[in-house]
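Reviewing the structure listed below.
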Amino acid sequence: MDRVRLPGTDVQISALCLGVAEIGVRQTEIEAHRLLDYWVEHGGNSIDTARVYSDWVPGETHRSERIIGDWLKATGIREQIVLVTKAGHPVFDGNWRVRLSPSELREDLEGSLETLKTDYIDLWFLHRDDEKLPVEQIIDNCDTFVRDGRVKALGAANWTASRIRKANDYASRAGKAGFVATQFFWNLGSRHYRGLEPTLQPMDDDAEQLHEAANLVAMPYSSQAGGFFSKWLEGDDVTRLEAERSGYATTANFETAKLAGDIAQRNAVPVAAVVLAFLRAHSFKVVPIIGCTTPAHLATSIEALNFSLSDLEWKSLRELTSHKPGWFNRYLWKRH
């Protein structure tokens with residue numbers, strides 16, 4: 001699997017990143033370890049977790065990090081892995097408050113290091129932003145962890161492009177560590193998704209321009225659109241019903257699905273390959289986070305790396321996904 005270098009670092013991340021938000025929840029821990037083994041055996045080296053992942057499931061806090069830490073200790077391959085985790089997320093106590101104070105960031109980092117059984121994090125994301133805090137304060141706090149070697153690189157998840165730009169401008173002026181990667185809600189259908197949780201940040205035009213200008217690596221989550229396109233085009237009655245009830249079930253996304261399906265059929269590939277190829281066809285570096293739970297799902301995503309869109313296919317998908325929702329009513333009227 002190809003590698004992508006994080007700007008200004010020696011960290012090289014695999015072309016896909018394995019997301020493990022609920023690892024060990026829908027499978028046994030033995031199965032979870034086998035999934036991680038399969039990932040490494042087939043060229044993957046990056047694993048994306050967070051301090052709060054699976055805390056919404058009763059019974060254990062920090063389960064995702066703990067399982068990854070157990071696996072790293074059992075395999076002894078820490079140096080081969082690009083370990084990605086996130087801090088600053090609100091705790092699940094009903095008080096939805098982003099935690100970016102110096103003491104809270106230190107608490108999250110030290111907790112992650114202990115649970116993951118490591119002494120450094122390759123890529124450490126701030127899971128949310130608190131726009132009441134000056135970016136200078138946040139960068140100063142995070143730079144301390146980079147300087148002491150506990151963090152190799154910093155990322156911003158669910159921050160607006162303007163805040164990332166402001167933070168990195170300050171970091172550059174002050175000679176401090178800035179953000180080298182981002183995590184946005186982004187996929188083939190994200191621009192026409194309904195009901196996005198307000199604290200999540202979608203990729204928009206400003207964010208795309210930022211990535212092109214600043215050489216940031218985009219690591220989109222929900223990169224496969226929750227399987228919407230596969231369920232709708234290739235699924236059975238049950239999965240098609242799931243697709244119809246999802247937030248992706250909009251006029252624009254059904255039209256996009258038709259085009260994606262045509263491209264998939266013409267190239268004899270699963271539509272999932274088209275969905276990932278759309279992200280990777282952008283002019284800046286994109287490392288999609290994939291949330292696979294079985295080796296079979298992983299195999300499909302890894303195989304998708306062999307497919308690339310033609311220029312015409314890319315432009316056609318881009319045109320559909322870039323239009324505002326109201327445009328599709330006029331588009332359908334003209335077609336009929």
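Residue numbers start at 1 in each chain; chains themselves are named A, B, ... in the order of the structure tokens; ligands are numbered from 1 in the order shown.
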Spatial neighbours of Thr85 of chain A, max dist 12 Å, only C-alpha atoms, sep filter under 5 positions, as a VMD selection string: chain A and resid 17 to 21 46 to 53 62 64 to 66 68 to 69 108 to 113 115 to 116 120 to 127 151 to 157 183
For the selection just defined, write its residues with N, CA and C atoms to a file, as a compact mmCIF listing (two decimals), in the first residue's frame.
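selection.txt was written with the following content:
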```txt
# COMPACT_ATOMS: atom_id res chain seq x y z
N CYS A 17 -6.55 4.70 6.15
CA CYS A 17 -6.35 4.62 7.59
C CYS A 17 -7.51 3.84 8.19
N LEU A 18 -7.23 2.89 9.06
CA LEU A 18 -8.27 2.06 9.66
C LEU A 18 -8.87 2.77 10.87
N GLY A 19 -10.17 3.07 10.80
CA GLY A 19 -10.89 3.67 11.92
C GLY A 19 -11.45 2.60 12.83
N VAL A 20 -11.28 2.79 14.15
CA VAL A 20 -11.64 1.73 15.10
C VAL A 20 -12.52 2.28 16.23
N ALA A 21 -13.51 3.07 15.86
CA ALA A 21 -14.36 3.72 16.88
C ALA A 21 -15.05 2.72 17.80
N SER A 46 -1.67 2.58 9.53
CA SER A 46 -2.25 3.65 10.35
C SER A 46 -3.57 3.21 10.98
N ILE A 47 -3.74 3.57 12.24
CA ILE A 47 -4.95 3.22 13.00
C ILE A 47 -5.46 4.47 13.67
N ASP A 48 -6.72 4.78 13.46
CA ASP A 48 -7.33 6.00 13.99
C ASP A 48 -8.29 5.67 15.14
N THR A 49 -7.96 6.17 16.32
CA THR A 49 -8.82 5.99 17.48
C THR A 49 -9.03 7.35 18.14
N ALA A 50 -9.57 7.37 19.35
CA ALA A 50 -9.77 8.60 20.12
C ALA A 50 -9.97 8.25 21.57
N ARG A 51 -9.67 9.21 22.44
CA ARG A 51 -9.80 8.96 23.88
C ARG A 51 -11.22 8.54 24.23
N VAL A 52 -12.22 9.06 23.52
CA VAL A 52 -13.62 8.80 23.88
C VAL A 52 -14.26 7.67 23.08
N TYR A 53 -13.51 7.07 22.15
CA TYR A 53 -14.16 6.10 21.28
C TYR A 53 -14.70 4.90 22.07
N HIS A 62 -12.86 4.15 27.30
CA HIS A 62 -11.61 4.08 26.54
C HIS A 62 -11.36 2.68 25.96
N SER A 64 -11.70 1.43 22.92
CA SER A 64 -10.98 1.38 21.65
C SER A 64 -9.48 1.52 21.87
N GLU A 65 -9.07 2.53 22.63
CA GLU A 65 -7.65 2.70 22.89
C GLU A 65 -7.07 1.50 23.66
N ARG A 66 -7.82 0.98 24.59
CA ARG A 66 -7.32 -0.14 25.39
C ARG A 66 -7.07 -1.37 24.52
N ILE A 68 -6.46 -1.41 21.27
CA ILE A 68 -5.29 -1.14 20.43
C ILE A 68 -4.01 -1.29 21.24
N GLY A 69 -4.01 -0.78 22.47
CA GLY A 69 -2.84 -0.90 23.32
C GLY A 69 -2.49 -2.34 23.63
N ASP A 108 -5.87 14.20 28.78
CA ASP A 108 -6.22 13.31 27.68
C ASP A 108 -4.97 12.67 27.07
N LEU A 109 -3.93 13.46 26.86
CA LEU A 109 -2.72 12.90 26.26
C LEU A 109 -2.10 11.84 27.16
N GLU A 110 -1.94 12.15 28.44
CA GLU A 110 -1.33 11.18 29.35
C GLU A 110 -2.19 9.94 29.51
N GLY A 111 -3.52 10.11 29.47
CA GLY A 111 -4.41 8.96 29.53
C GLY A 111 -4.27 8.09 28.30
N SER A 112 -4.19 8.73 27.12
CA SER A 112 -4.03 7.96 25.87
C SER A 112 -2.71 7.21 25.86
N LEU A 113 -1.64 7.86 26.28
CA LEU A 113 -0.34 7.19 26.30
C LEU A 113 -0.37 5.96 27.20
N THR A 115 -3.10 4.18 28.18
CA THR A 115 -4.03 3.16 27.69
C THR A 115 -3.50 2.49 26.43
N LEU A 116 -2.85 3.25 25.57
CA LEU A 116 -2.30 2.70 24.34
C LEU A 116 -0.96 2.00 24.55
N TYR A 120 4.62 7.70 22.88
CA TYR A 120 4.41 8.80 21.95
C TYR A 120 3.22 8.52 21.04
N ILE A 121 2.62 9.59 20.52
CA ILE A 121 1.53 9.50 19.55
C ILE A 121 2.05 10.06 18.23
N ASP A 122 1.86 9.35 17.15
CA ASP A 122 2.35 9.81 15.85
C ASP A 122 1.57 11.03 15.36
N LEU A 123 0.24 10.97 15.44
CA LEU A 123 -0.60 12.07 14.96
C LEU A 123 -1.72 12.28 15.97
N TRP A 124 -1.69 13.43 16.62
CA TRP A 124 -2.62 13.74 17.71
C TRP A 124 -3.57 14.83 17.27
N PHE A 125 -4.85 14.48 17.18
CA PHE A 125 -5.88 15.43 16.74
C PHE A 125 -6.59 16.07 17.93
N LEU A 126 -6.95 17.33 17.75
CA LEU A 126 -7.93 17.94 18.64
C LEU A 126 -9.30 17.63 18.06
N HIS A 127 -10.11 16.91 18.83
CA HIS A 127 -11.34 16.29 18.33
C HIS A 127 -12.43 17.31 17.99
N VAL A 151 4.30 13.82 21.23
CA VAL A 151 3.47 13.93 20.02
C VAL A 151 4.40 14.26 18.85
N LYS A 152 4.23 13.51 17.74
CA LYS A 152 5.05 13.79 16.56
C LYS A 152 4.42 14.84 15.66
N ALA A 153 3.10 14.82 15.52
CA ALA A 153 2.44 15.76 14.62
C ALA A 153 1.03 16.05 15.15
N LEU A 154 0.52 17.23 14.78
CA LEU A 154 -0.78 17.70 15.26
C LEU A 154 -1.80 17.74 14.12
N GLY A 155 -3.05 17.47 14.47
CA GLY A 155 -4.14 17.56 13.51
C GLY A 155 -5.35 18.24 14.12
N ALA A 156 -6.23 18.75 13.26
CA ALA A 156 -7.46 19.40 13.69
C ALA A 156 -8.65 18.64 13.13
N ALA A 157 -9.54 18.19 14.00
CA ALA A 157 -10.75 17.48 13.58
C ALA A 157 -11.97 18.35 13.89
N GLN A 183 -9.39 16.28 9.93
CA GLN A 183 -10.47 15.31 9.80
C GLN A 183 -11.79 16.07 9.66
```
As a VMD selection string, please: all residues of segment 65-286 of chain A that backbone DSSP puts in strand (DSSP E or B). chain A and resid 82 to 87 121 to 126 151 to 157 179 to 183 185 202 217 to 218 221 286
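For the atom pair formed by atom CA of Ser222 of chain A and atom CA of Thr251 of chain A, the distance is 19.8 Å, given to one decimal.
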As a VMD selection string, please: the residues near Asp37 of chain A (cut-off 12 Å, only C-alpha atoms, same-chain neighbours under 6 positions excluded). chain A and resid 18 30 to 31 43 to 45 47 68 71 to 72 74 to 77 81 294 to 295 298
Go ahead and dump the residues you just picked, all heavy atoms, as a compact mmCIF listing (two decimals), in the first residue's frame.
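Output below, filename part-v6.txt:
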```
# COMPACT_ATOMS: atom_id res chain seq x y z
N LEU A 18 -7.23 2.89 9.06
CA LEU A 18 -8.27 2.06 9.66
C LEU A 18 -8.87 2.77 10.87
O LEU A 18 -8.18 3.05 11.85
CB LEU A 18 -7.69 0.71 10.09
CG LEU A 18 -8.67 -0.25 10.76
CD1 LEU A 18 -9.81 -0.61 9.82
CD2 LEU A 18 -7.94 -1.51 11.23
N ILE A 30 -10.65 -11.20 20.37
CA ILE A 30 -9.81 -12.05 19.52
C ILE A 30 -10.04 -11.68 18.06
O ILE A 30 -9.09 -11.54 17.27
CB ILE A 30 -10.11 -13.54 19.76
CG1 ILE A 30 -9.63 -13.96 21.15
CG2 ILE A 30 -9.45 -14.40 18.68
CD1 ILE A 30 -9.99 -15.39 21.51
N GLU A 31 -11.30 -11.50 17.68
CA GLU A 31 -11.62 -11.09 16.31
C GLU A 31 -11.08 -9.69 16.01
O GLU A 31 -10.62 -9.42 14.89
CB GLU A 31 -13.13 -11.13 16.09
CG GLU A 31 -13.72 -12.54 16.07
CD GLU A 31 -15.23 -12.54 16.10
OE1 GLU A 31 -15.83 -11.57 16.62
OE2 GLU A 31 -15.82 -13.52 15.60
N GLY A 43 -0.70 -4.36 4.23
CA GLY A 43 -0.09 -3.09 3.86
C GLY A 43 -0.51 -1.87 4.64
O GLY A 43 0.06 -0.79 4.44
N GLY A 44 -1.52 -1.99 5.50
CA GLY A 44 -1.94 -0.83 6.28
C GLY A 44 -1.00 -0.59 7.45
O GLY A 44 -0.48 -1.54 8.04
N ASN A 45 -0.77 0.66 7.78
CA ASN A 45 0.07 0.94 8.95
C ASN A 45 -0.54 1.96 9.90
O ASN A 45 0.02 2.21 10.98
CB ASN A 45 1.47 1.40 8.52
CG ASN A 45 1.51 2.85 8.07
OD1 ASN A 45 0.49 3.45 7.71
ND2 ASN A 45 2.69 3.44 8.06
N ILE A 47 -3.74 3.57 12.24
CA ILE A 47 -4.95 3.22 13.00
C ILE A 47 -5.46 4.47 13.67
O ILE A 47 -4.72 5.15 14.39
CB ILE A 47 -4.63 2.13 14.04
CG1 ILE A 47 -4.10 0.87 13.36
CG2 ILE A 47 -5.87 1.80 14.87
CD1 ILE A 47 -3.55 -0.17 14.32
N ILE A 68 -6.46 -1.41 21.27
CA ILE A 68 -5.29 -1.14 20.43
C ILE A 68 -4.01 -1.29 21.24
O ILE A 68 -3.02 -1.88 20.79
CB ILE A 68 -5.38 0.28 19.83
CG1 ILE A 68 -6.63 0.42 18.96
CG2 ILE A 68 -4.13 0.59 19.01
CD1 ILE A 68 -6.75 -0.58 17.86
N TRP A 71 -3.18 -4.92 21.79
CA TRP A 71 -2.69 -5.53 20.55
C TRP A 71 -1.25 -5.10 20.27
O TRP A 71 -0.41 -5.93 19.89
CB TRP A 71 -3.61 -5.13 19.39
CG TRP A 71 -3.14 -5.57 18.04
CD1 TRP A 71 -3.18 -6.84 17.52
CD2 TRP A 71 -2.56 -4.73 17.04
NE1 TRP A 71 -2.66 -6.83 16.24
CE2 TRP A 71 -2.28 -5.56 15.93
CE3 TRP A 71 -2.26 -3.38 16.96
CZ2 TRP A 71 -1.71 -5.06 14.76
CZ3 TRP A 71 -1.69 -2.87 15.81
CH2 TRP A 71 -1.41 -3.72 14.73
N LEU A 72 -0.95 -3.82 20.46
CA LEU A 72 0.42 -3.35 20.25
C LEU A 72 1.40 -4.06 21.18
O LEU A 72 2.50 -4.44 20.77
CB LEU A 72 0.49 -1.83 20.46
CG LEU A 72 -0.15 -0.96 19.38
CD1 LEU A 72 -0.18 0.50 19.83
CD2 LEU A 72 0.58 -1.09 18.05
N ALA A 74 0.99 -7.03 22.55
CA ALA A 74 1.08 -8.46 22.21
C ALA A 74 1.92 -8.69 20.95
O ALA A 74 2.64 -9.69 20.85
CB ALA A 74 -0.33 -9.03 22.01
N THR A 75 1.83 -7.77 19.99
CA THR A 75 2.53 -7.98 18.72
C THR A 75 3.95 -7.42 18.73
O THR A 75 4.80 -7.89 17.96
CB THR A 75 1.75 -7.31 17.57
OG1 THR A 75 1.60 -5.91 17.85
CG2 THR A 75 0.38 -7.95 17.41
N GLY A 76 4.19 -6.40 19.54
CA GLY A 76 5.51 -5.79 19.57
C GLY A 76 5.88 -5.02 18.32
O GLY A 76 7.06 -4.88 18.00
N ILE A 77 4.88 -4.49 17.60
CA ILE A 77 5.17 -3.80 16.34
C ILE A 77 4.86 -2.31 16.42
O ILE A 77 4.53 -1.68 15.41
CB ILE A 77 4.41 -4.44 15.16
CG1 ILE A 77 2.88 -4.35 15.37
CG2 ILE A 77 4.83 -5.88 14.95
CD1 ILE A 77 2.08 -4.73 14.14
N ILE A 81 3.69 1.11 13.31
CA ILE A 81 2.34 1.65 13.27
C ILE A 81 2.34 3.17 13.39
O ILE A 81 3.07 3.75 14.20
CB ILE A 81 1.49 1.06 14.43
CG1 ILE A 81 1.42 -0.46 14.30
CG2 ILE A 81 0.10 1.67 14.45
CD1 ILE A 81 0.80 -0.96 13.01
N THR A 294 -14.70 -6.27 9.52
CA THR A 294 -14.31 -7.65 9.21
C THR A 294 -13.19 -7.64 8.17
O THR A 294 -13.07 -6.69 7.39
CB THR A 294 -15.49 -8.46 8.64
OG1 THR A 294 -15.82 -7.94 7.33
CG2 THR A 294 -16.71 -8.39 9.56
N PRO A 295 -12.38 -8.70 8.13
CA PRO A 295 -11.36 -8.79 7.09
C PRO A 295 -11.93 -8.70 5.68
O PRO A 295 -11.29 -8.12 4.79
CB PRO A 295 -10.71 -10.15 7.35
CG PRO A 295 -10.88 -10.36 8.83
CD PRO A 295 -12.23 -9.78 9.13
N LEU A 298 -12.44 -5.14 4.89
CA LEU A 298 -11.13 -4.53 4.69
C LEU A 298 -10.57 -4.87 3.31
O LEU A 298 -10.02 -4.01 2.62
CB LEU A 298 -10.16 -5.03 5.75
CG LEU A 298 -9.92 -4.15 6.98
CD1 LEU A 298 -8.85 -4.76 7.87
CD2 LEU A 298 -9.55 -2.74 6.58
```
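If you look at atom CA of Ser310 of chain A and atom CA of Arg266 of chain A, they are 11.6 Å away from each other.
Here atom CA of Met203 of chain A stands at a distance of 29.2 Å from atom CA of Ala268 of chain A.
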Considering only C-alpha atoms, return as JSON, numbers by chain whatever protein or nucleic-acid residues lie within 10 Å of Arg97 of chain A, sequence-local ones (same chain, fewer than 6 positions apart) excluded. {"A": [88, 89, 90, 91, 128, 130]}
